[in-house]
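Undergrad: Starting off with a structure, shown below.
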Amino acid sequence: MRTTSLSDIQKAREIIRTEVHNTSVDYSRSFSRTAGTDIFLKKENEQRTGSFKIRGAINKMHCLSAAEKAKGVIACSAGNHAQGVALSAQLSKVKSIIVMPESAPLVKVEATKDYGAEIILKGQIYDEAAEHARTLSKQHGYTFFHPFEDPDVIAGQGTLGLEILEQIPDMDSVVVPIGGGGLISGIAIAIKALRPKCKIYGVQASRVPSMASAFTNKKILTDVACLPTIADGIAVKRPSQHMYDNYISKLIDDVVTVGEDEIAEAIVLLMERSKAVVEGAGASSMAAVLSRKLSLGKKTCVVLSGGNIDMNLVEKVIDRGLSRHGRITRLSVIVGDVPGTLNKLTGCLADLRANVLQVSHDRIDQGVALMETRIDFTLETNSPAHIETIKTALTKMGVRLLEK
Ligand SMILES: Cc1ncc(COP(=O)(O)O)c(C=O)c1O
């Protein structure tokens, strides 16, 4: 397979220029303070379709012949690639078919349909859907859009690297989430050609560390254990030998992994400090920076590669993040079942400036004696120290705290 060069990326830049946003690279005072170095955010979460994927898809679409365009294109994805391919096809007035596993979330199916794609739900898992997409591609002559192992797709993703250097020419390090490796490879080809001393770092979820383990062991391992992750966009279980041999092993300075809590925390902090809605995969780069796993230069660009996060997940992630920082807490107490007790408790909480978000009473819990009642509070608090002060005050009032 042909490999991608700087000139392919420069051509792609001209091709996609009018259709794709040149997303901003914003300096973040707050993250710079935390990381101890200058941090810039490349906001591909604000890209059309909500991720960088549109770059590669538009470039690939442009490279097709008129005959190929007339037949249509096909891809397999339940994520950002699906939307990128669908929109690029719509813009070029080309028929697109996206195969998704039957378990694909309805919101993703609808979003992709809205870009004009025909959706086929097939198979229980991604591999079965991908096999079906390849079969249809052969049967009907549709061009198959691979999500990463394609020189034109990589060239499109590499335009992000050109933009970063145009915006901050003396960038010292760039941190990029890795799934199959198309994004980081494109960025690395561009940046290493124009500014060889700039370090390029990759990040994977520690629950799917396939490329990270290939990087560490200097070869692809076939038995890497993988688990579900909130960074679903980078959950590629089997790395490609072609990507590893031609790009990752040659151009990337290090690949690290981040845990689920680290990713969740990065999602919350990006919302809170930068008002940026970023999905798990897209926030993994920030998670690696915050956990200080990388040796960063003076100026670092953190690629926020996508913003398509499920709103139900946002709620859970925020709750867990707030709870970890002691800004929300659940306390269960056992008290005597006499009138006025709840009033006294809430009075104490009010004095300590803890805001009651939720309260529930339980008299029939098996662990509660007949003359007692259990009260569960969800409180808005300031810090772990604040929570300890509240617990001490409640204990002094004669309340029995239930440890969780
Ligand atoms: C948000 C996001 N970030 C990063 C990636 C990783 O891209 P690649 O597979 O090219 O490494 C993906 C892939 O779908 C993604 O959706």
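As shown in the structure tokens, the chain order sets the letters A, B, ...; within each chain, residues go from 1, and ligands are also counted from 1 in the order they appear.
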Counting only C-alpha atoms and all ligand atoms, which residues of chain A fall within 7 Å of ligand 1, and what is the closest atom pair for each with its distance in Å at one decimal, ordered by chain and rising number, as a Markdown table?
TA:
| residue | atom | partner | partner_atom_place_in_ligand_line | distance |
| --- | --- | --- | --- | --- |
| A:Ser51 | CA | ligand 1 | 1 (C) | 5.8 |
| A:Gly79 | CA | ligand 1 | 16 (O) | 6.4 |
| A:Asn80 | CA | ligand 1 | 16 (O) | 4.9 |
| A:His81 | CA | ligand 1 | 14 (O) | 5.9 |
| A:Pro147 | CA | ligand 1 | 9 (O) | 6.4 |
| A:Phe148 | CA | ligand 1 | 10 (O) | 4.9 |
| A:Pro177 | CA | ligand 1 | 4 (C) | 4.9 |
| A:Ile178 | CA | ligand 1 | 11 (O) | 3.9 |
| A:Gly179 | CA | ligand 1 | 11 (O) | 3.5 |
| A:Gly180 | CA | ligand 1 | 9 (O) | 3.6 |
| A:Gly181 | CA | ligand 1 | 11 (O) | 3.3 |
| A:Gly182 | CA | ligand 1 | 10 (O) | 3.3 |
| A:Leu183 | CA | ligand 1 | 10 (O) | 3.9 |
| A:Ile184 | CA | ligand 1 | 11 (O) | 6.1 |
| A:Gly233 | CA | ligand 1 | 16 (O) | 3.9 |
| A:Ile234 | CA | ligand 1 | 6 (C) | 4.9 |
| A:Glu279 | CA | ligand 1 | 1 (C) | 6.5 |
| A:Ala281 | CA | ligand 1 | 3 (N) | 4.8 |
| A:Gly282 | CA | ligand 1 | 1 (C) | 4.6 |
| A:Ser305 | CA | ligand 1 | 3 (N) | 4.5 |
| A:Gly306 | CA | ligand 1 | 1 (C) | 3.8 |
| A:Gly307 | CA | ligand 1 | 1 (C) | 6.8 |
Undergrad: Next, dump the selected residues to file, keeping only all heavy atoms, as a short mmCIF file (atom, residue, chain, number, x, y, z; two decimals), in the first residue's frame.
TA:
data_model
loop_
_atom_site.label_atom_id
_atom_site.label_comp_id
_atom_site.auth_asym_id
_atom_site.auth_seq_id
_atom_site.Cartn_x
_atom_site.Cartn_y
_atom_site.Cartn_z
N SER A 51 -16.04 15.94 14.84
CA SER A 51 -14.71 15.32 15.01
C SER A 51 -13.86 15.57 13.76
O SER A 51 -14.37 15.98 12.72
CB SER A 51 -14.82 13.81 15.27
OG SER A 51 -14.84 13.09 14.05
N GLY A 79 -19.51 5.22 14.81
CA GLY A 79 -18.98 6.39 15.50
C GLY A 79 -18.71 7.56 14.56
O GLY A 79 -19.46 7.79 13.61
N ASN A 80 -17.62 8.26 14.83
CA ASN A 80 -17.32 9.49 14.11
C ASN A 80 -17.02 9.28 12.63
O ASN A 80 -17.31 10.14 11.81
CB ASN A 80 -16.15 10.19 14.79
CG ASN A 80 -16.55 10.70 16.15
OD1 ASN A 80 -17.68 11.11 16.36
ND2 ASN A 80 -15.62 10.66 17.10
N HIS A 81 -16.42 8.14 12.30
CA HIS A 81 -16.09 7.86 10.90
C HIS A 81 -17.38 7.82 10.07
O HIS A 81 -17.42 8.34 8.94
CB HIS A 81 -15.35 6.52 10.84
CG HIS A 81 -14.93 6.09 9.48
ND1 HIS A 81 -14.17 6.88 8.65
CD2 HIS A 81 -15.15 4.93 8.78
CE1 HIS A 81 -13.94 6.24 7.51
NE2 HIS A 81 -14.54 5.06 7.57
N PRO A 147 -11.36 3.34 7.96
CA PRO A 147 -11.27 4.47 8.90
C PRO A 147 -9.87 5.02 9.11
O PRO A 147 -9.71 6.17 9.51
CB PRO A 147 -11.83 3.91 10.20
CG PRO A 147 -11.83 2.43 10.06
CD PRO A 147 -11.89 2.12 8.59
N PHE A 148 -8.84 4.21 8.89
CA PHE A 148 -7.48 4.76 9.12
C PHE A 148 -6.42 4.24 8.15
O PHE A 148 -5.52 4.97 7.78
CB PHE A 148 -7.03 4.50 10.57
CG PHE A 148 -7.21 3.10 11.06
CD1 PHE A 148 -6.28 2.12 10.80
CD2 PHE A 148 -8.35 2.75 11.80
CE1 PHE A 148 -6.45 0.83 11.25
CE2 PHE A 148 -8.53 1.45 12.27
CZ PHE A 148 -7.58 0.48 11.98
N PRO A 177 -4.81 11.39 20.56
CA PRO A 177 -5.42 10.08 20.84
C PRO A 177 -5.15 9.11 19.68
O PRO A 177 -5.18 9.51 18.52
CB PRO A 177 -6.92 10.40 20.93
CG PRO A 177 -7.01 11.88 21.12
CD PRO A 177 -5.83 12.46 20.42
N ILE A 178 -4.93 7.83 20.01
CA ILE A 178 -4.70 6.82 18.96
C ILE A 178 -5.76 5.73 19.02
O ILE A 178 -5.98 5.12 20.07
CB ILE A 178 -3.36 6.06 19.15
CG1 ILE A 178 -2.18 7.00 19.14
CG2 ILE A 178 -3.19 4.99 18.07
CD1 ILE A 178 -0.84 6.25 19.08
N GLY A 179 -6.41 5.48 17.89
CA GLY A 179 -7.26 4.30 17.75
C GLY A 179 -6.52 3.37 16.79
O GLY A 179 -5.64 2.61 17.17
N GLY A 180 -6.85 3.50 15.50
CA GLY A 180 -6.12 2.75 14.48
C GLY A 180 -4.81 3.44 14.12
O GLY A 180 -3.93 2.83 13.51
N GLY A 181 -4.72 4.72 14.41
CA GLY A 181 -3.47 5.45 14.17
C GLY A 181 -3.47 6.37 12.96
O GLY A 181 -2.44 6.97 12.65
N GLY A 182 -4.60 6.51 12.28
CA GLY A 182 -4.64 7.39 11.09
C GLY A 182 -4.42 8.85 11.44
O GLY A 182 -3.69 9.57 10.75
N LEU A 183 -5.03 9.27 12.53
CA LEU A 183 -4.92 10.68 12.94
C LEU A 183 -3.49 11.02 13.33
O LEU A 183 -2.89 11.97 12.82
CB LEU A 183 -5.89 10.94 14.11
CG LEU A 183 -5.79 12.32 14.74
CD1 LEU A 183 -6.15 13.41 13.74
CD2 LEU A 183 -6.70 12.43 15.96
N ILE A 184 -2.93 10.23 14.23
CA ILE A 184 -1.57 10.57 14.71
C ILE A 184 -0.56 10.43 13.57
O ILE A 184 0.40 11.22 13.48
CB ILE A 184 -1.18 9.71 15.94
CG1 ILE A 184 0.01 10.37 16.65
CG2 ILE A 184 -0.88 8.27 15.58
CD1 ILE A 184 0.33 9.77 18.00
N GLY A 233 -14.14 5.84 20.84
CA GLY A 233 -13.57 6.22 19.53
C GLY A 233 -12.16 5.69 19.31
O GLY A 233 -11.71 5.58 18.17
N ILE A 234 -11.44 5.36 20.40
CA ILE A 234 -10.08 4.85 20.21
C ILE A 234 -9.96 3.38 20.63
O ILE A 234 -8.87 2.88 20.87
CB ILE A 234 -9.02 5.72 20.94
CG1 ILE A 234 -9.39 5.97 22.41
CG2 ILE A 234 -8.84 7.04 20.23
CD1 ILE A 234 -8.30 6.66 23.22
N GLU A 279 -15.58 14.26 23.88
CA GLU A 279 -15.90 12.86 24.18
C GLU A 279 -14.68 12.15 24.79
O GLU A 279 -13.56 12.70 24.77
CB GLU A 279 -16.35 12.16 22.91
CG GLU A 279 -15.30 12.10 21.82
CD GLU A 279 -15.86 11.47 20.54
OE1 GLU A 279 -15.88 10.22 20.46
OE2 GLU A 279 -16.24 12.24 19.65
N ALA A 281 -12.69 9.65 23.90
CA ALA A 281 -11.49 9.49 23.05
C ALA A 281 -10.78 10.84 22.91
O ALA A 281 -9.56 10.93 23.04
CB ALA A 281 -11.89 8.97 21.67
N GLY A 282 -11.57 11.88 22.67
CA GLY A 282 -10.99 13.20 22.43
C GLY A 282 -10.32 13.79 23.66
O GLY A 282 -9.41 14.62 23.54
N SER A 305 -9.84 15.55 19.86
CA SER A 305 -10.17 15.05 18.52
C SER A 305 -11.66 14.93 18.22
O SER A 305 -12.04 14.79 17.06
CB SER A 305 -9.48 13.71 18.31
OG SER A 305 -9.72 12.86 19.42
N GLY A 306 -12.52 14.96 19.24
CA GLY A 306 -13.94 14.83 18.95
C GLY A 306 -14.82 15.24 20.13
O GLY A 306 -14.36 15.22 21.29
N GLY A 307 -16.04 15.61 19.82
CA GLY A 307 -16.94 16.09 20.88
C GLY A 307 -18.27 15.36 20.92
O GLY A 307 -19.21 15.81 21.58
#
Undergrad: Range 235-274 of chain A near range 124-142 of chain A within 12 Å: what's each residue's closest atom pair and its distance in Å to one decimal, counting only C-alpha atoms, ordered by chain then ascending residue number, as a Markdown table?
TA:
| residue | atom | partner | partner_atom | distance |
| --- | --- | --- | --- | --- |
| A:Ala235 | CA | A:Tyr126 | CA | 11.0 |
| A:Val236 | CA | A:Tyr126 | CA | 10.1 |
| A:Lys237 | CA | A:Asp127 | CA | 10.6 |
| A:Arg238 | CA | A:Asp127 | CA | 10.7 |
Undergrad: Residues near His361 in chain A, anyone? I mean within 9 Å using only C-alpha atoms, not counting same-chain ones fewer than 2 positions away, as a ChimeraX atom specification.
TA: /A:359,363,373-376
Undergrad: Considering only C-alpha atoms, state which residue in the set A:Leu294, A:Ala231, A:Val314, A:Met100 is at the smallest distance from Ser173 in chain A.
TA: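 Answer, going by the shortest atom-to-atom distance: A:Leu294.
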Undergrad: For a test of reading the model, state the distance in Å between CA of Pro169 in chain A and CA of Arg195 in chain A, rounded to one decimal.
TA: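 So the answer is 8.4 Å.
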Undergrad: Given the choices A:Leu357, A:Ala393, A:Met371, A:Leu322, which gets closest to Asp261 in chain A if the distance is worked out from only C-alpha atoms?
TA: A:Leu322
Undergrad: So that I can see what lies close to Asp254 in chain A, please list as a PyMOL selection string the residues with an atom at most 10 Å from it, counting only C-alpha atoms and leaving out residues fewer than 3 positions away in the same chain.
TA: chain A and resi 175+199-203+212+215-216+248-249+251+294-295
Undergrad: Restricting the output to N, CA and C atoms, write the selected residues as a PDB file, in the first residue's frame.
TA:
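Wrote it out as result_15.pdb, contents follow:
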ATOM      1  N   VAL A 175       0.060  16.127  21.513  1.00  0.00           N
ATOM      2  CA  VAL A 175      -0.466  14.909  22.149  1.00  0.00           C
ATOM      3  C   VAL A 175      -1.763  14.518  21.437  1.00  0.00           C
ATOM      4  N   LYS A 199       7.980  16.853  19.407  1.00  0.00           N
ATOM      5  CA  LYS A 199       7.655  15.476  19.819  1.00  0.00           C
ATOM      6  C   LYS A 199       6.184  15.181  19.513  1.00  0.00           C
ATOM      7  N   ILE A 200       5.931  13.950  19.080  1.00  0.00           N
ATOM      8  CA  ILE A 200       4.540  13.538  18.838  1.00  0.00           C
ATOM      9  C   ILE A 200       4.257  12.363  19.769  1.00  0.00           C
ATOM     10  N   TYR A 201       3.269  12.565  20.640  1.00  0.00           N
ATOM     11  CA  TYR A 201       2.925  11.533  21.612  1.00  0.00           C
ATOM     12  C   TYR A 201       1.524  10.985  21.340  1.00  0.00           C
ATOM     13  N   GLY A 202       1.384   9.669  21.503  1.00  0.00           N
ATOM     14  CA  GLY A 202       0.086   9.033  21.322  1.00  0.00           C
ATOM     15  C   GLY A 202      -0.500   8.610  22.655  1.00  0.00           C
ATOM     16  N   VAL A 203      -1.835   8.579  22.720  1.00  0.00           N
ATOM     17  CA  VAL A 203      -2.510   8.168  23.958  1.00  0.00           C
ATOM     18  C   VAL A 203      -3.589   7.136  23.636  1.00  0.00           C
ATOM     19  N   ALA A 212      -0.425   0.807  22.154  1.00  0.00           N
ATOM     20  CA  ALA A 212       0.550   1.133  23.198  1.00  0.00           C
ATOM     21  C   ALA A 212       1.426  -0.090  23.482  1.00  0.00           C
ATOM     22  N   PHE A 215       3.860  -0.594  20.707  1.00  0.00           N
ATOM     23  CA  PHE A 215       4.946   0.394  20.781  1.00  0.00           C
ATOM     24  C   PHE A 215       5.980  -0.034  21.823  1.00  0.00           C
ATOM     25  N   THR A 216       5.498  -0.465  22.977  1.00  0.00           N
ATOM     26  CA  THR A 216       6.409  -0.864  24.055  1.00  0.00           C
ATOM     27  C   THR A 216       7.192  -2.126  23.688  1.00  0.00           C
ATOM     28  N   ILE A 248       3.751   4.476  12.985  1.00  0.00           N
ATOM     29  CA  ILE A 248       3.835   4.553  14.458  1.00  0.00           C
ATOM     30  C   ILE A 248       5.267   4.270  14.932  1.00  0.00           C
ATOM     31  N   SER A 249       5.863   3.175  14.459  1.00  0.00           N
ATOM     32  CA  SER A 249       7.205   2.824  14.939  1.00  0.00           C
ATOM     33  C   SER A 249       8.253   3.828  14.451  1.00  0.00           C
ATOM     34  N   LEU A 251       7.628   7.333  13.495  1.00  0.00           N
ATOM     35  CA  LEU A 251       7.431   8.783  13.697  1.00  0.00           C
ATOM     36  C   LEU A 251       7.013   9.191  15.097  1.00  0.00           C
ATOM     37  N   LEU A 294       3.862  12.285  30.307  1.00  0.00           N
ATOM     38  CA  LEU A 294       4.671  12.586  29.123  1.00  0.00           C
ATOM     39  C   LEU A 294       5.712  13.630  29.460  1.00  0.00           C
ATOM     40  N   SER A 295       6.834  13.569  28.757  1.00  0.00           N
ATOM     41  CA  SER A 295       7.816  14.616  28.996  1.00  0.00           C
ATOM     42  C   SER A 295       7.588  15.710  27.947  1.00  0.00           C
TER      43      SER A 295
END
Undergrad: With a distance cut-off of 12 Å and only C-alpha atoms, select the neighbouring residues of Lys53 in chain A, excluding the residue or stretch itself and same-chain residues fewer than 5 positions from it, and output the selection as a PyMOL selection string.
TA: chain A and resi 16+20-21+44-48+58-60+77+79-88+145-148+153-160+182-183+186+233+282+305-308
Undergrad: Quick one: pick out all strand (DSSP E or B) residues within range 74-172 of chain A from a backbone DSSP run and write them as a PyMOL selection string.
TA: chain A and resi 74-76+96-100+118-121+143-144
Undergrad: I'd like the interatomic distance between CA of Cys76 in chain A and CA of Ala205 in chain A, to a tenth of an Å.
TA: 21.8 Å
Undergrad: To one decimal place in Å, what is the distance between CA of His325 in chain A and CA of Glu262 in chain A?
TA: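 Computing the Euclidean distance for CA of His325 in chain A and CA of Glu262 in chain A yields 12.7 Å.
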Undergrad: Run DSSP on the backbone and grab whatever in range 50-295 of chain A lands in alpha helix (DSSP H); send it over as a PyMOL selection string.
TA: chain A and resi 53-63+66-71+80-91+106-114+126-140+151-167+182-194+210-217+241-243+249-251+260-274+280-290
Undergrad: So that I can check the surroundings of Leu290 in chain A, please list as a VMD selection string every protein, DNA and RNA residue that reaches within 9 Å of it, counting only C-alpha atoms and ignoring chain neighbours fewer than 6 positions away.
TA: chain A and resid 31 34 to 35 262 266
Undergrad: Write the selection just made, keeping all heavy atoms, as a CSV table (one decimal), in the first residue's frame?
TA:
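To be explicit, this is the file written out as part_25.csv:
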chain,number,residue,atom,x,y,z
A,31,PHE,N,-5.1,25.2,32.2
A,31,PHE,CA,-4.4,23.9,32.0
A,31,PHE,C,-2.9,24.1,32.0
A,31,PHE,O,-2.1,23.2,32.4
A,31,PHE,CB,-4.9,23.2,30.7
A,31,PHE,CG,-6.2,22.6,30.9
A,31,PHE,CD1,-7.3,23.0,30.1
A,31,PHE,CD2,-6.4,21.6,31.8
A,31,PHE,CE1,-8.6,22.5,30.2
A,31,PHE,CE2,-7.7,21.0,31.9
A,31,PHE,CZ,-8.8,21.4,31.2
A,34,THR,N,-1.8,24.0,35.6
A,34,THR,CA,-1.8,22.7,36.1
A,34,THR,C,-0.7,21.8,35.6
A,34,THR,O,0.0,21.1,36.3
A,34,THR,CB,-3.2,22.0,35.8
A,34,THR,OG1,-4.2,22.8,36.1
A,34,THR,CG2,-3.3,20.7,36.5
A,35,ALA,N,-0.4,21.9,34.3
A,35,ALA,CA,0.6,21.1,33.6
A,35,ALA,C,2.0,21.6,33.8
A,35,ALA,O,3.0,20.9,33.6
A,35,ALA,CB,0.3,20.9,32.1
A,262,GLU,N,-9.2,8.8,34.8
A,262,GLU,CA,-8.4,10.0,34.3
A,262,GLU,C,-9.1,10.6,33.1
A,262,GLU,O,-9.1,11.8,33.0
A,262,GLU,CB,-7.0,9.5,33.9
A,262,GLU,CG,-6.1,9.1,35.1
A,262,GLU,CD,-4.8,8.4,34.8
A,262,GLU,OE1,-4.8,7.6,33.9
A,262,GLU,OE2,-3.8,8.8,35.4
A,266,ALA,N,-10.7,14.4,32.9
A,266,ALA,CA,-10.3,15.3,31.8
A,266,ALA,C,-11.6,15.9,31.1
A,266,ALA,O,-11.7,17.1,30.8
A,266,ALA,CB,-9.4,14.6,30.8
Undergrad: Nearest residue to Ala214 in chain A out of A:Glu68, A:Asp245, A:Glu102, A:Asp351, using only C-alpha atoms?
TA: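 Ranked by minimum distance to Ala214 in chain A, first place goes to A:Asp245.
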Undergrad: Using only C-alpha atoms for the distances, tell me which of A:Met397, A:Gly259, A:Leu165, A:Val268 is nearest to Ser323 in chain A.
TA: A:Val268
Undergrad: Using only C-alpha atoms, pick whichever of A:Glu272, A:Leu227, A:Val255, A:Lys250 has the shortest atom-to-atom distance to Ser213 in chain A.
TA: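 The answer is A:Val255, which sits nearest to Ser213 in chain A.
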Undergrad: Set the distance at 7 Å and use only C-alpha atoms: which residues neighbour Ser96 in chain A once local chain neighbours fewer than 4 positions away are removed? I'd like the list as a list in words.
TA: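 My reading of the contact set: Gly72, Val73, Ile74, Ala86, Ala89, Ala117 and Glu118 of chain A.
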Undergrad: Can you spit out the residues from that selection as an mmCIF file, in the first residue's frame, using N, CA and C atoms?
TA:
data_model
loop_
_atom_site.group_PDB
_atom_site.id
_atom_site.type_symbol
_atom_site.label_atom_id
_atom_site.label_comp_id
_atom_site.auth_asym_id
_atom_site.auth_seq_id
_atom_site.Cartn_x
_atom_site.Cartn_y
_atom_site.Cartn_z
ATOM 1 N N GLY A 72 -20.965 4.796 -5.704
ATOM 2 C CA GLY A 72 -21.247 5.029 -4.285
ATOM 3 C C GLY A 72 -20.136 4.512 -3.383
ATOM 4 N N VAL A 73 -20.253 4.851 -2.105
ATOM 5 C CA VAL A 73 -19.208 4.471 -1.141
ATOM 6 C C VAL A 73 -19.844 3.746 0.047
ATOM 7 N N ILE A 74 -19.006 2.988 0.739
ATOM 8 C CA ILE A 74 -19.515 2.241 1.895
ATOM 9 C C ILE A 74 -18.488 2.290 3.033
ATOM 10 N N ALA A 86 -20.519 10.037 5.751
ATOM 11 C CA ALA A 86 -21.863 10.418 5.299
ATOM 12 C C ALA A 86 -21.894 11.873 4.839
ATOM 13 N N ALA A 89 -19.950 12.423 1.570
ATOM 14 C CA ALA A 89 -20.702 11.905 0.420
ATOM 15 C C ALA A 89 -21.830 12.874 0.055
ATOM 16 N N ALA A 117 -26.946 9.357 4.723
ATOM 17 C CA ALA A 117 -26.467 7.990 4.459
ATOM 18 C C ALA A 117 -27.598 6.974 4.583
ATOM 19 N N GLU A 118 -27.441 5.872 3.837
ATOM 20 C CA GLU A 118 -28.344 4.738 4.040
ATOM 21 C C GLU A 118 -27.698 3.871 5.111
#
